Amino acid sequence: MAGCGLAIFGLNAAANAQIAGEDGTDDDPIITDGELIVVTGTRLRGVVIGDIPVEQELDEQDIAAFGASSIEDLLEAVAPQTSSARGRGGGGRPIILLNGQRISGFREIRDLPPEAIERVQIFPEELALRYGFRPDQRVVNFILKPGFASITGEVEHGRSTQGGYSASEIEATLTRIGGNSRLNIDIENEPAKAIFESERGIVQTRPDDLDLFDNSEFRTLVGHSDTFEINANYSRTLSDSLRATLSGEYNSVDSVDLLGLPGINLTIPASSPFARSTADEALFRYLPGVGGALERDRSSRTAEAGLTVNGQFSEFRWAFTGNYSRAEVETRTDRAPDFAAQQTRIAAGDPALDPFAPELGQGLDFTRDYSRSVVQEADANFNIAGSPVDLPAGPLTVSLTTGFEWRAIDSRAVTRNVVTTGDLSRENAFTRANIDIPLTSRREAVFGAIGDLSINANIGYSELSDFGGLFEYGYGINWEPVEGLSFLASVIGEEAAPSVSQLGDPAIVTPAVSVFDFTNGTSVFVDRTTGGNPDLTAELRRDFKLGVNYAPGNSRRIRFIAEYIRNRSENVTSAFPLLTPEIEAAFPARVTRDGAGNLVAIDARPVNFAQTRSERIRYGFNLSGEIGRDEDSDRPRRGQRGSRRGGTERPGRQPQDSAQGTATETGQAAGGAGREQAAPRDPRSFLRRGVGGRWRLSLYHNWRFSETVLIRPGVPELDLLGGSVIAASSPVARHSAELEGGLFSNGIGLRVSAEYTGSGRIDGTGLPGSSDLFFGDLFTANARLFFNFDGRESLVEDVPFLRGSRLALRVDNIFGGVRRVTDQNGLVPLSYQPGYLDPRGRYIELSFRKRF
């Protein structure tokens, strides 16, 4: 009996260790009083490589509380938790894993319904290295349910409360997960109406002197558009350790923007039979007689295809991904006809040409600029990761990625009958290696008093056909002194080339673009040139990051995160900055003024800055809880981080649901011997259904300490927090914040998100006529209220059609917030009218979704 008691004790100890975060990959030996007891456990499904701590984990109920319609919607809802502060700008979509494995692209899982997801795990940027990516984006791991099937339809319609704009969407999705395969097909169509300047009360920079026409009725703030998209992917298990996925997407977008009526400056001599005064008269007027408003038509057609193969070789997990895409974009822009002959005749007092006639200009045709670009991309990547050796503190982890990328741009543009063509391509062969070395470990009793400590390093090289060799490197340290508290410090450096688009996009001249001229303190219409710049040079970046992640008591309901980021970059490629006096002095050849000093044209193609520097911190918290019960609510769940390796696995040991049949989707038992049954659910879960709920709250604050740019040596450094600006049309705010929260109970859910951007300013020249601009702070809030009919059993019994249905009401920009911009006299410049800054304003949308 004593021996039996020892066996039971050993079994419980092993089971508890696994629930607390053991990978459960192997038979774990336990030695008790000299006896060896071997405990066999089941490996956690969908776990990731290594021991990087999970920052946040969502279970099925947490996911349902968001009321999302797809993984894309879900990612948008958790954006404050998944955005990265790394690099100069931060942000951007995180790296996506499916069941702990690489995918060929976001399209592979984008349209999967949230109901098919079992868990979502959010990891810091350092995990990206284990999968062969750069460590500048967070990682999100989606773990699917073992079996799922649905056909989903959704209809949406929304309108701006200010009128004019409306948009609709019809979407249908087919999803099948189970057996040895996964299938997902999504089709959607989204038309949207235009918003005219007249619908937002835009005051025109140049009104018609004759007051015949209101040009705001012929200019759009948001053009009419129509989008169609189909996305499909199919995944299948090929053997016990091999799985392949094919994916494809087609996207079509057509849009039309109205650029206003053509205008003309006339001089009417006093000798003209149409003269209205005894002196020569200068006149500006619009000419609708030439065919109405100027238009810009744009159409794009994009097709993509991808292949992913995941497998296992001995102690190593490997993945191959390949992609091809082709995007064709055509743009046609009307240009006003040449009125030189008519101007000459009117100036000469020609009695046959009435300058005040509404039909003036009739019979003259628009000329049309044209551009067409075809962008093709292809890539192939191979990644292998594993643990070749066990060290005293744990397994040493290595990851090697090698691949090839190809990108080509074929362009042709016709501007004022001048034809320019472009034929650029780039080939990039690269390799990247990462190593992670554990130094101390509480679990392995190796200097356990220190905690869990590991170091990592990575190095990479790329050979670009048009730029030569580029290096990248990085190193870091990961320290967890106690459970629930971890520190990450890392440095990354890399050389980066401008994109092929930044180098070779066709030059497009858009007439009548409204800009603010800081030199003269006025808003004007100019010709704006966009496109590529072949003279751009390579960029050198260097980032340092220090992060802390704290969950008191290793709680899954409360977590604090703080990050400090410092960036230093040289030869930075940037979009052309806002044309302040500082920028005009640095790039005089990019600006055209007439003899009177009026701004008439801007060449806004990309430029290189000599140097940028920035320092900032980002910190915040995630809180969540349960409504109606708190039993076991704060205990780490199976698969959640309860120790250093919680929710992660030893590299190379394939989880049962991954290469070995991907049990998340196939249900194959280890070794392929038969079908594994789904794990039994907690019997109390049925009793709790409909009586409990979830709440959550996350809040993050971004605080920029410094943000400077040196355009070129010999030019004063720009302080982006002190009145200088380089991008867009607004200054960099020192403070910003993001909030996301929600409640969900008994089928009724409310989701709220908000953003705050602090105030700022843009300095003028200080000369007469020049003006500083002052930007007020901005707070916007969005809400989504939804009702799941399945939460009301009596209702769906009376109306069976409502089973599996959801009704949702979404309100964007609830308070109609828009940033107020004023000059030094307290007046709003015409280029910063509220209608320009936020044409859509408050937007209300109603949607109905049903799963069959």
# chains A, B, ... in the order shown; residues from 1 in each chain; ligands from 1
>>> residues_around(residues="stretch 326-340 of chain A", least_positions_apart="4", cutoff="6 Å", atoms="only C-alpha atoms", output="PyMOL selection string")
chain A and resi 262+294-303+366-376
>>> residues_around(residues="A:Leu58", least_positions_apart="5", cutoff="7 Å", atoms="only C-alpha atoms", output="list of chain:residue names")
A:Ile63, A:Arg119, A:Val120, A:Gln121
>>> closest_residue(among="A:Gly484, A:Ile844, A:Ala445, A:Tyr619", to="A:Gly163", atoms="only C-alpha atoms")
A:Ile844
>>> residues_around(residues="A:Gly776", least_positions_apart="5", cutoff="9 Å", atoms="only C-alpha atoms", output="short mmCIF file (atom, residue, chain, number, x, y, z; two decimals) with N, CA, C and O atoms, in the first residue's frame")
data_model
loop_
_atom_site.label_atom_id
_atom_site.label_comp_id
_atom_site.auth_asym_id
_atom_site.auth_seq_id
_atom_site.Cartn_x
_atom_site.Cartn_y
_atom_site.Cartn_z
N THR A 757 -5.83 61.95 -28.20
CA THR A 757 -4.60 62.51 -28.77
C THR A 757 -4.41 63.91 -28.21
O THR A 757 -5.33 64.74 -28.26
N GLY A 758 -3.24 64.17 -27.65
CA GLY A 758 -2.98 65.45 -27.02
C GLY A 758 -2.82 66.59 -28.01
O GLY A 758 -2.75 66.40 -29.23
N SER A 759 -2.74 67.78 -27.49
CA SER A 759 -2.64 68.98 -28.31
C SER A 759 -1.23 69.15 -28.86
O SER A 759 -0.28 68.49 -28.42
N GLY A 760 -1.08 70.07 -29.81
CA GLY A 760 0.21 70.34 -30.42
C GLY A 760 0.15 71.60 -31.24
O GLY A 760 -0.90 72.26 -31.33
N ARG A 761 1.27 71.93 -31.86
CA ARG A 761 1.30 73.13 -32.69
C ARG A 761 2.27 72.94 -33.84
O ARG A 761 3.15 72.08 -33.79
N ARG A 819 -10.85 67.37 -34.35
CA ARG A 819 -9.79 68.23 -33.83
C ARG A 819 -10.00 69.67 -34.30
O ARG A 819 -10.23 69.92 -35.48
N ARG A 820 -9.89 70.60 -33.38
CA ARG A 820 -10.03 72.01 -33.74
C ARG A 820 -8.65 72.59 -34.00
O ARG A 820 -7.73 72.48 -33.17
N VAL A 821 -8.51 73.22 -35.16
CA VAL A 821 -7.24 73.81 -35.57
C VAL A 821 -7.46 75.30 -35.79
O VAL A 821 -8.39 75.69 -36.52
N THR A 822 -6.63 76.12 -35.19
CA THR A 822 -6.76 77.57 -35.35
C THR A 822 -5.40 78.18 -35.63
O THR A 822 -4.36 77.61 -35.28
#
>>> atom_distance(atom1="atom CA of A:Val47", atom2="atom CA of A:Leu485")
20.7 Å
>>> closest_residue(among="A:Gly223, A:Gly493, A:Pro288, A:Pro606", to="A:Leu258", atoms="only C-alpha atoms")
A:Gly223
>>> residues_around(residues="A:Ser181", least_positions_apart="2", cutoff="9 Å", atoms="only C-alpha atoms", output="NGL selection string")
:A and (176-179 or 183 or 234-237 or 665-666)
>>> closest_residue(among="A:Ser166, A:Thr519, A:Asn265, A:Thr175", to="A:Asn598", atoms="only C-alpha atoms")
A:Thr519
>>> closest_residue(among="A:Val482, A:Leu74, A:Leu424, A:Ile435", to="A:Asn533", atoms="only C-alpha atoms")
A:Leu424
>>> select_by_dssp(residues="stretch 149-228 of chain A", states="helix (DSSP H, G or I)", output="list of chain:residue names")
A:Glu197, A:Ser198, A:Glu199, A:Arg200, A:Asn215, A:Ser216, A:Glu217, A:Phe218
>>> write_last_selection(atoms="all heavy atoms", output="PDB file, in the first residue's frame")
ATOM      1  N   GLU A 197     -18.381  68.210 -50.675  1.00  0.00           N
ATOM      2  CA  GLU A 197     -17.990  69.317 -49.800  1.00  0.00           C
ATOM      3  C   GLU A 197     -19.199  70.143 -49.385  1.00  0.00           C
ATOM      4  O   GLU A 197     -19.251  70.655 -48.259  1.00  0.00           O
ATOM      5  CB  GLU A 197     -16.963  70.193 -50.499  1.00  0.00           C
ATOM      6  CG  GLU A 197     -15.600  69.529 -50.669  1.00  0.00           C
ATOM      7  CD  GLU A 197     -14.562  70.480 -51.208  1.00  0.00           C
ATOM      8  OE1 GLU A 197     -14.915  71.637 -51.527  1.00  0.00           O
ATOM      9  OE2 GLU A 197     -13.379  70.083 -51.299  1.00  0.00           O
ATOM     10  N   SER A 198     -20.171  70.278 -50.255  1.00  0.00           N
ATOM     11  CA  SER A 198     -21.369  71.053 -49.923  1.00  0.00           C
ATOM     12  C   SER A 198     -22.149  70.420 -48.784  1.00  0.00           C
ATOM     13  O   SER A 198     -22.855  71.117 -48.039  1.00  0.00           O
ATOM     14  CB  SER A 198     -22.263  71.188 -51.154  1.00  0.00           C
ATOM     15  OG  SER A 198     -22.642  69.907 -51.645  1.00  0.00           O
ATOM     16  N   GLU A 199     -22.031  69.093 -48.612  1.00  0.00           N
ATOM     17  CA  GLU A 199     -22.746  68.398 -47.536  1.00  0.00           C
ATOM     18  C   GLU A 199     -22.072  68.586 -46.186  1.00  0.00           C
ATOM     19  O   GLU A 199     -22.642  68.224 -45.158  1.00  0.00           O
ATOM     20  CB  GLU A 199     -22.846  66.910 -47.867  1.00  0.00           C
ATOM     21  CG  GLU A 199     -23.693  66.632 -49.096  1.00  0.00           C
ATOM     22  CD  GLU A 199     -23.654  65.176 -49.512  1.00  0.00           C
ATOM     23  OE1 GLU A 199     -22.548  64.592 -49.529  1.00  0.00           O
ATOM     24  OE2 GLU A 199     -24.735  64.624 -49.816  1.00  0.00           O
ATOM     25  N   ARG A 200     -20.873  69.144 -46.176  1.00  0.00           N
ATOM     26  CA  ARG A 200     -20.177  69.432 -44.927  1.00  0.00           C
ATOM     27  C   ARG A 200     -19.909  70.920 -44.759  1.00  0.00           C
ATOM     28  O   ARG A 200     -19.135  71.322 -43.884  1.00  0.00           O
ATOM     29  CB  ARG A 200     -18.852  68.649 -44.867  1.00  0.00           C
ATOM     30  CG  ARG A 200     -19.024  67.144 -44.855  1.00  0.00           C
ATOM     31  CD  ARG A 200     -19.760  66.678 -43.597  1.00  0.00           C
ATOM     32  NE  ARG A 200     -19.949  65.246 -43.575  1.00  0.00           N
ATOM     33  CZ  ARG A 200     -21.067  64.625 -43.982  1.00  0.00           C
ATOM     34  NH1 ARG A 200     -22.090  65.353 -44.443  1.00  0.00           N
ATOM     35  NH2 ARG A 200     -21.178  63.328 -43.920  1.00  0.00           N
ATOM     36  N   ASN A 215     -18.609  75.703 -56.087  1.00  0.00           N
ATOM     37  CA  ASN A 215     -17.709  74.607 -56.438  1.00  0.00           C
ATOM     38  C   ASN A 215     -17.779  73.444 -55.452  1.00  0.00           C
ATOM     39  O   ASN A 215     -17.394  72.318 -55.782  1.00  0.00           O
ATOM     40  CB  ASN A 215     -16.270  75.130 -56.521  1.00  0.00           C
ATOM     41  CG  ASN A 215     -15.370  74.205 -57.311  1.00  0.00           C
ATOM     42  OD1 ASN A 215     -15.793  73.594 -58.295  1.00  0.00           O
ATOM     43  ND2 ASN A 215     -14.124  74.087 -56.880  1.00  0.00           N
ATOM     44  N   SER A 216     -18.265  73.682 -54.240  1.00  0.00           N
ATOM     45  CA  SER A 216     -18.350  72.598 -53.256  1.00  0.00           C
ATOM     46  C   SER A 216     -19.355  71.530 -53.682  1.00  0.00           C
ATOM     47  O   SER A 216     -19.291  70.395 -53.197  1.00  0.00           O
ATOM     48  CB  SER A 216     -18.742  73.157 -51.886  1.00  0.00           C
ATOM     49  OG  SER A 216     -20.062  73.684 -51.903  1.00  0.00           O
ATOM     50  N   GLU A 217     -20.252  71.872 -54.593  1.00  0.00           N
ATOM     51  CA  GLU A 217     -21.205  70.885 -55.094  1.00  0.00           C
ATOM     52  C   GLU A 217     -20.584  69.973 -56.142  1.00  0.00           C
ATOM     53  O   GLU A 217     -21.208  68.992 -56.569  1.00  0.00           O
ATOM     54  CB  GLU A 217     -22.420  71.592 -55.686  1.00  0.00           C
ATOM     55  CG  GLU A 217     -23.208  72.408 -54.668  1.00  0.00           C
ATOM     56  CD  GLU A 217     -24.405  73.116 -55.290  1.00  0.00           C
ATOM     57  OE1 GLU A 217     -24.534  73.031 -56.544  1.00  0.00           O
ATOM     58  OE2 GLU A 217     -25.178  73.745 -54.552  1.00  0.00           O
ATOM     59  N   PHE A 218     -19.363  70.297 -56.545  1.00  0.00           N
ATOM     60  CA  PHE A 218     -18.684  69.516 -57.590  1.00  0.00           C
ATOM     61  C   PHE A 218     -17.377  68.884 -57.087  1.00  0.00           C
ATOM     62  O   PHE A 218     -16.594  68.390 -57.876  1.00  0.00           O
ATOM     63  CB  PHE A 218     -18.386  70.413 -58.798  1.00  0.00           C
ATOM     64  CG  PHE A 218     -19.602  71.022 -59.410  1.00  0.00           C
ATOM     65  CD1 PHE A 218     -20.096  72.246 -58.958  1.00  0.00           C
ATOM     66  CD2 PHE A 218     -20.280  70.377 -60.446  1.00  0.00           C
ATOM     67  CE1 PHE A 218     -21.226  72.810 -59.531  1.00  0.00           C
ATOM     68  CE2 PHE A 218     -21.406  70.941 -61.017  1.00  0.00           C
ATOM     69  CZ  PHE A 218     -21.890  72.164 -60.556  1.00  0.00           C
TER      70      PHE A 218
END
>>> residues_around(residues="A:Tyr475", least_positions_apart="6", cutoff="12 Å", atoms="only C-alpha atoms", output="JSON, numbers by chain")
{"A": [126, 129, 134, 135, 433, 434, 435, 436, 437, 454, 455, 456, 457, 458, 459, 488, 489, 490, 491, 492, 493, 542, 543, 544, 545]}
>>> write_last_selection(atoms="N, CA and C atoms", output="compact mmCIF listing (two decimals), in the first residue's frame")
# COMPACT_ATOMS: atom_id res chain seq x y z
N GLU A 126 9.52 39.54 -28.82
CA GLU A 126 10.65 38.62 -28.79
C GLU A 126 10.29 37.23 -29.31
N LEU A 129 11.15 36.15 -33.10
CA LEU A 129 12.43 35.58 -33.51
C LEU A 129 12.37 34.06 -33.60
N ARG A 134 11.31 39.34 -37.81
CA ARG A 134 12.01 40.39 -37.09
C ARG A 134 11.27 40.68 -35.78
N PRO A 135 11.99 41.07 -34.72
CA PRO A 135 11.34 41.29 -33.43
C PRO A 135 10.76 42.69 -33.27
N ALA A 433 19.14 33.89 -38.42
CA ALA A 433 19.33 32.86 -37.40
C ALA A 433 19.12 33.45 -36.02
N ASN A 434 18.57 32.64 -35.11
CA ASN A 434 18.31 33.07 -33.74
C ASN A 434 18.72 31.95 -32.79
N ILE A 435 19.26 32.33 -31.64
CA ILE A 435 19.60 31.36 -30.61
C ILE A 435 19.14 31.89 -29.27
N ASP A 436 18.58 31.01 -28.43
CA ASP A 436 18.10 31.37 -27.11
C ASP A 436 18.73 30.41 -26.11
N ILE A 437 19.42 30.97 -25.11
CA ILE A 437 20.19 30.15 -24.17
C ILE A 437 19.67 30.37 -22.75
N SER A 454 17.30 33.96 -19.30
CA SER A 454 17.81 33.48 -20.58
C SER A 454 18.27 34.66 -21.41
N ILE A 455 19.18 34.38 -22.33
CA ILE A 455 19.66 35.40 -23.26
C ILE A 455 19.42 34.91 -24.68
N ASN A 456 19.31 35.85 -25.61
CA ASN A 456 19.09 35.49 -27.01
C ASN A 456 19.88 36.41 -27.92
N ALA A 457 20.15 35.94 -29.10
CA ALA A 457 20.84 36.74 -30.12
C ALA A 457 20.36 36.31 -31.49
N ASN A 458 20.38 37.24 -32.42
CA ASN A 458 19.99 36.93 -33.81
C ASN A 458 20.84 37.73 -34.77
N ILE A 459 21.02 37.19 -35.95
CA ILE A 459 21.77 37.84 -37.01
C ILE A 459 21.15 37.48 -38.34
N LEU A 488 11.97 42.09 -19.99
CA LEU A 488 12.57 41.84 -21.29
C LEU A 488 13.38 43.06 -21.69
N ALA A 489 14.62 42.84 -22.12
CA ALA A 489 15.45 43.92 -22.65
C ALA A 489 16.06 43.43 -23.96
N SER A 490 16.02 44.27 -24.98
CA SER A 490 16.52 43.83 -26.28
C SER A 490 17.01 45.01 -27.10
N VAL A 491 17.90 44.70 -28.01
CA VAL A 491 18.44 45.66 -28.97
C VAL A 491 18.32 45.04 -30.35
N ILE A 492 17.83 45.80 -31.31
CA ILE A 492 17.82 45.34 -32.69
C ILE A 492 18.41 46.44 -33.57
N GLY A 493 19.15 46.04 -34.57
CA GLY A 493 19.69 46.96 -35.54
C GLY A 493 19.57 46.35 -36.93
N ARG A 542 18.25 51.45 -35.38
CA ARG A 542 18.70 50.82 -34.15
C ARG A 542 17.66 51.11 -33.07
N ASP A 543 17.14 50.04 -32.44
CA ASP A 543 16.13 50.16 -31.39
C ASP A 543 16.62 49.51 -30.11
N PHE A 544 16.26 50.14 -28.99
CA PHE A 544 16.44 49.53 -27.68
C PHE A 544 15.09 49.49 -26.99
N LYS A 545 14.77 48.34 -26.38
CA LYS A 545 13.50 48.20 -25.69
C LYS A 545 13.71 47.55 -24.33
>>> closest_residue(among="A:Asp527, A:Glu463, A:Glu483, A:Asp73", to="A:Gly553", atoms="only C-alpha atoms")
A:Glu483
>>> residues_around(residues="A:Arg317", least_positions_apart="3", cutoff="6 Å", atoms="only C-alpha atoms", output="MDAnalysis selection string")
chainID A and resid 311:312 384:385 652
>>> residues_around(residues="A:Glu582", least_positions_apart="5", cutoff="12 Å", atoms="only C-alpha atoms", output="PyMOL selection string")
chain A and resi 518-519+577+587-588+709-712+715-720+723-726+762-766
>>> decode(residues="stretch 255-271 of chain A", atoms="N, CA, C and O atoms", output="PDB file, in the first residue's frame")
ATOM      1  N   SER A 255     -13.368  53.256 -57.671  1.00  0.00           N
ATOM      2  CA  SER A 255     -13.731  54.490 -56.977  1.00  0.00           C
ATOM      3  C   SER A 255     -13.711  55.663 -57.940  1.00  0.00           C
ATOM      4  O   SER A 255     -12.977  55.659 -58.932  1.00  0.00           O
ATOM      5  N   VAL A 256     -14.529  56.656 -57.621  1.00  0.00           N
ATOM      6  CA  VAL A 256     -14.606  57.886 -58.415  1.00  0.00           C
ATOM      7  C   VAL A 256     -14.598  59.073 -57.457  1.00  0.00           C
ATOM      8  O   VAL A 256     -15.424  59.147 -56.538  1.00  0.00           O
ATOM      9  N   ASP A 257     -13.648  59.988 -57.663  1.00  0.00           N
ATOM     10  CA  ASP A 257     -13.575  61.231 -56.891  1.00  0.00           C
ATOM     11  C   ASP A 257     -13.813  62.401 -57.830  1.00  0.00           C
ATOM     12  O   ASP A 257     -13.307  62.418 -58.961  1.00  0.00           O
ATOM     13  N   LEU A 258     -14.566  63.380 -57.346  1.00  0.00           N
ATOM     14  CA  LEU A 258     -14.788  64.607 -58.113  1.00  0.00           C
ATOM     15  C   LEU A 258     -13.857  65.689 -57.585  1.00  0.00           C
ATOM     16  O   LEU A 258     -13.785  65.926 -56.375  1.00  0.00           O
ATOM     17  N   LEU A 259     -13.149  66.374 -58.488  1.00  0.00           N
ATOM     18  CA  LEU A 259     -12.115  67.341 -58.123  1.00  0.00           C
ATOM     19  C   LEU A 259     -12.544  68.780 -58.333  1.00  0.00           C
ATOM     20  O   LEU A 259     -11.730  69.702 -58.227  1.00  0.00           O
ATOM     21  N   GLY A 260     -13.826  69.011 -58.623  1.00  0.00           N
ATOM     22  CA  GLY A 260     -14.327  70.370 -58.788  1.00  0.00           C
ATOM     23  C   GLY A 260     -14.393  70.808 -60.236  1.00  0.00           C
ATOM     24  O   GLY A 260     -14.004  70.086 -61.156  1.00  0.00           O
ATOM     25  N   LEU A 261     -14.896  72.021 -60.434  1.00  0.00           N
ATOM     26  CA  LEU A 261     -14.998  72.608 -61.767  1.00  0.00           C
ATOM     27  C   LEU A 261     -13.671  73.232 -62.179  1.00  0.00           C
ATOM     28  O   LEU A 261     -12.923  73.723 -61.326  1.00  0.00           O
ATOM     29  N   PRO A 262     -13.367  73.235 -63.467  1.00  0.00           N
ATOM     30  CA  PRO A 262     -12.177  73.972 -63.917  1.00  0.00           C
ATOM     31  C   PRO A 262     -12.407  75.473 -63.755  1.00  0.00           C
ATOM     32  O   PRO A 262     -13.512  75.979 -63.959  1.00  0.00           O
ATOM     33  N   GLY A 263     -11.364  76.162 -63.318  1.00  0.00           N
ATOM     34  CA  GLY A 263     -11.478  77.606 -63.134  1.00  0.00           C
ATOM     35  C   GLY A 263     -10.576  78.355 -64.088  1.00  0.00           C
ATOM     36  O   GLY A 263      -9.625  77.806 -64.658  1.00  0.00           O
ATOM     37  N   ILE A 264     -10.854  79.653 -64.263  1.00  0.00           N
ATOM     38  CA  ILE A 264     -10.081  80.462 -65.197  1.00  0.00           C
ATOM     39  C   ILE A 264      -9.973  81.884 -64.665  1.00  0.00           C
ATOM     40  O   ILE A 264     -10.920  82.431 -64.089  1.00  0.00           O
ATOM     41  N   ASN A 265      -8.774  82.471 -64.816  1.00  0.00           N
ATOM     42  CA  ASN A 265      -8.560  83.881 -64.485  1.00  0.00           C
ATOM     43  C   ASN A 265      -8.676  84.698 -65.766  1.00  0.00           C
ATOM     44  O   ASN A 265      -8.005  84.397 -66.760  1.00  0.00           O
ATOM     45  N   LEU A 266      -9.523  85.714 -65.741  1.00  0.00           N
ATOM     46  CA  LEU A 266      -9.771  86.550 -66.915  1.00  0.00           C
ATOM     47  C   LEU A 266      -9.474  88.017 -66.613  1.00  0.00           C
ATOM     48  O   LEU A 266      -9.622  88.453 -65.465  1.00  0.00           O
ATOM     49  N   THR A 267      -9.058  88.711 -67.635  1.00  0.00           N
ATOM     50  CA  THR A 267      -8.913  90.163 -67.546  1.00  0.00           C
ATOM     51  C   THR A 267      -9.850  90.797 -68.567  1.00  0.00           C
ATOM     52  O   THR A 267      -9.724  90.562 -69.784  1.00  0.00           O
ATOM     53  N   ILE A 268     -10.796  91.605 -68.090  1.00  0.00           N
ATOM     54  CA  ILE A 268     -11.789  92.237 -68.970  1.00  0.00           C
ATOM     55  C   ILE A 268     -11.402  93.704 -69.117  1.00  0.00           C
ATOM     56  O   ILE A 268     -11.458  94.479 -68.153  1.00  0.00           O
ATOM     57  N   PRO A 269     -10.975  94.092 -70.323  1.00  0.00           N
ATOM     58  CA  PRO A 269     -10.523  95.480 -70.509  1.00  0.00           C
ATOM     59  C   PRO A 269     -11.709  96.452 -70.459  1.00  0.00           C
ATOM     60  O   PRO A 269     -12.861  96.077 -70.713  1.00  0.00           O
ATOM     61  N   ALA A 270     -11.405  97.661 -70.093  1.00  0.00           N
ATOM     62  CA  ALA A 270     -12.462  98.682 -70.030  1.00  0.00           C
ATOM     63  C   ALA A 270     -13.070  98.932 -71.402  1.00  0.00           C
ATOM     64  O   ALA A 270     -14.231  99.376 -71.513  1.00  0.00           O
ATOM     65  N   SER A 271     -12.316  98.603 -72.470  1.00  0.00           N
ATOM     66  CA  SER A 271     -12.821  98.821 -73.824  1.00  0.00           C
ATOM     67  C   SER A 271     -13.754  97.710 -74.293  1.00  0.00           C
ATOM     68  O   SER A 271     -14.351  97.806 -75.373  1.00  0.00           O
TER      69      SER A 271
END
